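Encoded as structure tokens, the structure appears first; notes follow it.
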Amino acid sequence: MKNLIKEIVETFGPSGREDDIREKIAGYMKAYVDEIKQDSMGNLICIKKGKGPKIMVAAHMDEIGVITTHITKKGFLRFSSVGGVSPVRCLYQRVVFENGVKGVIGTEPVDKLSKLDFDKLFIDIGAKDREEAQKMIKEGTFGAFTNQYDELNDLMVAKSMDDRIGCAVAIKAAEKLKKTDNEIYFVFTTQEEVGLRGAKVSAYNLEPDLGIAIDVTGSGDTPEAPKMPMKLRNGVAIKVKDSSVLVPKKVKDFFIQVAEKNHIDYQLEVLQYGGTDAGAINLTKSGIMAGVLSIPTRYIHSVSEVLAESDVKATVTLLTKILESDIKNLI
Amino acid sequence: MKTLEILKSLTESSGISGDEQEVAELVRKFFSQNADKAYLDKFKNVIGYKKGITSEGKIMFASHIDQIGMMVNKIDKNGFIYFVPIGGHDPRVLVGQNVLIFGKEKIKGVIGSTPPHLQKKEDQNKVTPIENLYIDTGLKKEFVEKNVSVGDTIVFDTAGAELQNNNMASQAMDNRAGVVVLVETLNELTKMKHNWDVFMVGTSQEEVGVRGVSTCTYEIKPDVGVVIDVTFGYSPGAKKHKVYKLNKGGTIASGPNFHPFLTKKLKEIANEWEIPFQSSFAARPGGTDAYSMQISGEGVPVVQMGIPLRYMHTTVETLNIKDIKRMAKILAIFVSNVDDFYKEVKH
């Protein structure tokens with residue numbers, strides 16, 4: 001699984017530019033499903049056919065990134081964020097653009113780090129002046145952060161674990177899945193980071209009976225961390241709420257029941273800020289039952305997102321068991 | 001049942017956003033008295049359906065049944081319970097409240113604070129952020145851990161008070177008072193004829209982002225929507241242009257969120273029948289169910305009435321009962337005539 005994770009976290013794919021990552025994921029999924037298609041928003045829909053209830057698994061394949069807005073006289077790029085990029089977290093990071101050009105984020109002098117904002121930041125692509133920069137890159141070019149995958153003891157670190165780890169979980173679950181009557185849509189969604197957009201359209205189109213988002217969540221186990229019940233190594237997190245969804249009680253209870261029956265380590269998640277694709281699925285049409293399995297993660301939206309391998313494994317197992325369950329009582 | 005008693009029983013019932021089952025069942029009971037059918041949908045919206053004579057159109061009322069509350073976030077090593085807000089809270093209001101935790105059993109607690117004598121001088125004028133507030137149940141940690149878990153819901157446990165001159169104070173007036181308007185409108189409609197089918201909907205999850213109404217409107221696909229919610233009542237210190245007086249009638253809202261012709265009709269009815277109302281204006285779609293309803297499906301023309309309410313999002317939300325009854329009269333007449341003037345609506 002580590003090789004799979006390494007490969008997909010290091011693949012390019014900021015919101016709106018998911019082509020590379022979509023192709024990579026489709027390559028893995030084709031062995032495990034009956035049909036693969038793509039919709040107008042670029043969502044990758046992998047279908048495992050069945051005659052029973054329809055379950056949509058949503059893992060977003062887009063990542064946060066940058067977009068160029070202006071080239072200065074001296075050949076530096078001004079840029080804007082794609083998704084929730086923090087000016088402090090992106091300072092001095094490396095980026096790669098969709099055309100392969102690389103850059104480093106620099107800043108004008110500021111007296112306090114807290115005063116840092118995107119007006120002060122720029123990207124240095126090594127151009128001598130505007131003319132040379134214009135030959136290398138255009139305004140409106142998307143970029144993503146780069147960083148290599150690594151391991152810290154039993155923890156894994158990489159950029160874009162949010163939410164490539166969710167994609168990896170979905171791929172692994174598709175691989176392990178035994179025979180089931182449920183019709184399962186593994187949807188690798190686009191544009192989650194800019195407002196749960198891909199999931200909204202795919203849920204409208206597929207109209208599943210149950211939606212399950214797989215995503216990262218925060219953790220409260222670092223020094224002076226905000227009060228959060230989630231911890232790394234405590235198992236898969238079953239979401240109760242975030243700012244996009246209040247998970248229906250019977251969905252949450254069902255997930256807990258499956259976890260307990262199969263002796264899978266789990267913890268309950270209450271997240272005050274942040275949303276997931278489940279929020280969009282839940283509000284689709286006349287309302288769709290939706291829940292979330294999360295992987296507790298440190299330093300979310302930085303280039304070094306850290307999580308525990310054991311939690312990832314627990315998430316794969318729980319997702320697989322849920323997909324193999326009879327969900328008729330749930331819907 | 002008298003209006004006051006319905007209001008009391010609804011405000012004493014619990015139902016924070018996402019956990020509306022208890023209040024939803026009660027609302028269903030009230031709707032069923034005068035509706036042909038009353039049921040819950042999977043989003044815990046409560047629908048009271050009253051068939052019209054010709055059923056040539058559908059009018060949907062929305063009034064949210066959920067209330068703000070809290071959710072267990074962490075139990076510390078001494079058994080104190082930390083929580084996150086569900087809906088918009090003022091942390092200054094939380095300190096000193098009685099609460100009820102819906103664990104394996106209902107558990108009473110209080111939200112404590114450090115005594116002023118023991119506070120640092122520089123902290124005395126500061127507001128304690130919600131994440132540092134905690135609930136004391138008086139129970140040992142072991143018992144708390146066995147019976148309370150992360151994600152359990154918490155409500156205020158405070159009795160309401162009947163004040164003088166038909167004024168009443170309670171928690172959850174926002175928006176159980178709106179639900180009472182729906183119940184009373186249904187009651188008024190038993191004395192009138194109406195051609196259109198009426199859907200009275202007690203909506204869920206309004207306080208966390210007008211959610212229940214969006215799925216329910218999609219399902220019902222009404223021709224006209226009516227939203228009932230509370231609005232800001234006059235109190236000392238509040239900005240005068242943003243508040244409305246108690247006991248002067250409900251507000252009829254204008255603005256881009258609301259259909260101008262239907263809003264005009266609502267006002268004409270109130271004037272014709274000499275029922276007091278106040279005009280309000282919102283320059284942009286606000287935080288009520290109307291926001292979601294207007295842009296549901298192919299779009300729905302929406303009108304909105306508000307009940308002037310003091311001290312919104314506290315445990316002493318105060319209103320005048322007479323305003324509720326006045327609104328129900330205007331709205332029932334509106335329903336009874338909607339088929340007629342809808343013909344003039346230009347899409």
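Ordered as shown in the structure tokens, chains take letters A, B, and onward, while each chain numbers its residues from 1 and ligands are numbered from 1 in the order shown.
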
Need to verify the contact set: range 216-231 of chain B, 7 Å, only C-alpha atoms, exclusion of same-chain residues closer than 5 positions in sequence. Can you return it as a PyMOL selection string?
(chain A and resi 285-286) or (chain B and resi 57-63+174-175+178+289-290+293+296-297+300-309)

For the residues in that selection, give me N, CA, C and O atoms as a CSV table (one decimal), in the first residue's frame.
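This is the output file out-v4.csv:
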chain,number,residue,atom,x,y,z
A,285,LYS,N,-30.7,16.7,-4.0
A,285,LYS,CA,-32.1,16.4,-4.3
A,285,LYS,C,-33.0,16.3,-3.1
A,285,LYS,O,-33.0,17.3,-2.3
A,286,SER,N,-33.7,15.2,-2.8
A,286,SER,CA,-34.6,15.2,-1.6
A,286,SER,C,-33.8,14.8,-0.4
A,286,SER,O,-34.4,14.5,0.7
B,57,GLY,N,-52.6,23.9,-7.2
B,57,GLY,CA,-51.3,24.5,-6.9
B,57,GLY,C,-50.8,24.0,-5.5
B,57,GLY,O,-51.6,23.4,-4.8
B,58,LYS,N,-49.6,24.3,-5.2
B,58,LYS,CA,-49.0,23.9,-3.9
B,58,LYS,C,-48.4,25.1,-3.2
B,58,LYS,O,-47.6,25.8,-3.8
B,59,ILE,N,-48.8,25.3,-2.0
B,59,ILE,CA,-48.1,26.3,-1.2
B,59,ILE,C,-47.4,25.6,0.0
B,59,ILE,O,-47.9,24.7,0.6
B,60,MET,N,-46.1,26.0,0.1
B,60,MET,CA,-45.3,25.3,1.2
B,60,MET,C,-44.9,26.4,2.2
B,60,MET,O,-44.3,27.4,1.9
B,61,PHE,N,-45.2,26.1,3.5
B,61,PHE,CA,-44.7,26.9,4.6
B,61,PHE,C,-43.4,26.3,5.2
B,61,PHE,O,-43.4,25.1,5.3
B,62,ALA,N,-42.4,27.1,5.5
B,62,ALA,CA,-41.3,26.5,6.2
B,62,ALA,C,-41.0,27.3,7.5
B,62,ALA,O,-40.9,28.6,7.5
B,63,SER,N,-40.8,26.6,8.6
B,63,SER,CA,-40.5,27.2,9.8
B,63,SER,C,-39.6,26.2,10.5
B,63,SER,O,-40.0,25.1,10.7
B,174,ASP,N,-36.8,30.9,19.1
B,174,ASP,CA,-36.2,30.8,17.7
B,174,ASP,C,-36.0,29.3,17.4
B,174,ASP,O,-35.0,28.7,17.9
B,175,ASN,N,-36.9,28.6,16.7
B,175,ASN,CA,-38.0,29.1,16.0
B,175,ASN,C,-39.3,28.4,16.3
B,175,ASN,O,-40.1,28.2,15.4
B,178,GLY,N,-42.2,30.2,15.5
B,178,GLY,CA,-42.6,30.1,14.0
B,178,GLY,C,-43.4,28.9,13.8
B,178,GLY,O,-44.4,28.9,13.0
B,289,ASP,N,-34.5,30.2,6.1
B,289,ASP,CA,-34.9,29.2,5.1
B,289,ASP,C,-35.2,29.7,3.7
B,289,ASP,O,-35.1,29.0,2.7
B,290,ALA,N,-35.6,31.0,3.7
B,290,ALA,CA,-35.9,31.6,2.4
B,290,ALA,C,-34.7,31.6,1.4
B,290,ALA,O,-34.9,31.5,0.2
B,293,MET,N,-34.8,28.1,-0.1
B,293,MET,CA,-36.0,27.8,-0.8
B,293,MET,C,-36.1,28.5,-2.1
B,293,MET,O,-36.5,27.9,-3.1
B,296,SER,N,-34.2,26.7,-4.9
B,296,SER,CA,-34.4,25.2,-5.0
B,296,SER,C,-35.0,24.9,-6.3
B,296,SER,O,-35.9,25.5,-6.8
B,297,GLY,N,-34.6,23.7,-6.9
B,297,GLY,CA,-35.2,23.2,-8.1
B,297,GLY,C,-35.2,24.3,-9.2
B,297,GLY,O,-34.1,24.9,-9.5
B,300,VAL,N,-38.3,29.1,-6.6
B,300,VAL,CA,-39.7,29.2,-5.9
B,300,VAL,C,-39.9,30.7,-5.5
B,300,VAL,O,-39.0,31.3,-4.8
B,301,PRO,N,-41.0,31.3,-5.9
B,301,PRO,CA,-41.3,32.6,-5.4
B,301,PRO,C,-41.6,32.5,-3.9
B,301,PRO,O,-42.4,31.7,-3.5
B,302,VAL,N,-40.9,33.4,-3.1
B,302,VAL,CA,-41.0,33.2,-1.6
B,302,VAL,C,-41.4,34.5,-1.0
B,302,VAL,O,-41.0,35.6,-1.4
B,303,VAL,N,-42.3,34.4,0.1
B,303,VAL,CA,-42.5,35.5,1.0
B,303,VAL,C,-42.1,35.1,2.4
B,303,VAL,O,-42.0,34.0,2.7
B,304,GLN,N,-41.9,36.1,3.2
B,304,GLN,CA,-41.4,35.8,4.6
B,304,GLN,C,-42.1,36.7,5.6
B,304,GLN,O,-42.1,37.9,5.4
B,305,MET,N,-42.5,36.2,6.7
B,305,MET,CA,-42.9,37.0,7.8
B,305,MET,C,-42.1,36.6,9.0
B,305,MET,O,-41.6,35.5,9.2
B,306,GLY,N,-41.8,37.6,9.9
B,306,GLY,CA,-41.0,37.4,11.0
B,306,GLY,C,-41.7,37.8,12.3
B,306,GLY,O,-42.5,38.7,12.3
B,307,ILE,N,-41.3,37.1,13.4
B,307,ILE,CA,-41.9,37.4,14.7
B,307,ILE,C,-40.8,38.2,15.5
B,307,ILE,O,-39.7,37.7,15.7
B,308,PRO,N,-41.1,39.5,15.8
B,308,PRO,CA,-40.2,40.3,16.6
B,308,PRO,C,-39.8,39.6,17.9
B,308,PRO,O,-40.7,39.2,18.6
B,309,LEU,N,-38.5,39.4,18.1
B,309,LEU,CA,-38.0,38.6,19.2
B,309,LEU,C,-36.8,39.3,19.8
B,309,LEU,O,-35.8,39.6,19.1

Quick one: pick out all alpha helix (DSSP H) residues within range 27-213 of chain A from a backbone DSSP run and write them as a ChimeraX atom specification.
/A:27-29,87-90,130-136,161-176,197-206

May I ask which of the residues A:Lys176, A:Lys115, A:Lys102, A:Arg233 is the closest one to Thr146 in chain A, counting only C-alpha atoms?
A:Lys102

Exercise answer, chain A residues close to chain B, 12 Å and only C-alpha atoms, as a PyMOL selection string:
chain A and resi 204+209+220+225-231+237-253+267-273+279-290+330-331

Quick one: pick out all strand (DSSP E or B) residues within range 162-281 of chain A from a backbone DSSP run and write them as a list in words.
Glu183, Ile184, Tyr185, Phe186, Val187, Phe188, Thr189, Leu210, Gly211, Ile212, Ala213, Ile214, Asp215, Val216, Thr217, Val236, Ala237, Ile238, Lys239, Val240, Lys241, Leu246, Tyr266, Gln267, Leu268, Glu269 and Val270 of chain A

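Note that CA of Ile214 in chain A and CA of Gly166 in chain A are 5.0 Å apart.
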
Would you kindly return, as a ChimeraX atom specification, each protein, DNA or RNA residue with an atom no farther than 6 Å from any atom of Tyr32 in chain A, considering only C-alpha atoms and excluding same-chain residues fewer than 3 positions away?
/A:29,174-175

Expected file: the selected residues, N, CA, C and O atoms, as a JSON list (two decimals), in the first residue's frame:
[["chain", "number", "residue", "atom", "x", "y", "z"],
["A", 29, "MET", "N", -7.81, 1.40, -10.78],
["A", 29, "MET", "CA", -9.19, 0.94, -10.55],
["A", 29, "MET", "C", -9.71, -0.02, -11.61],
["A", 29, "MET", "O", -10.62, -0.79, -11.35],
["A", 174, "ALA", "N", -11.68, -1.29, -2.98],
["A", 174, "ALA", "CA", -12.18, -1.88, -4.23],
["A", 174, "ALA", "C", -11.45, -3.19, -4.52],
["A", 174, "ALA", "O", -12.05, -4.16, -4.96],
["A", 175, "GLU", "N", -10.16, -3.21, -4.20],
["A", 175, "GLU", "CA", -9.36, -4.41, -4.43],
["A", 175, "GLU", "C", -9.80, -5.56, -3.52],
["A", 175, "GLU", "O", -9.93, -6.70, -3.94]]

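CA of Ile212 in chain A is positioned 16.5 Å from CA of Pro296 in chain A.
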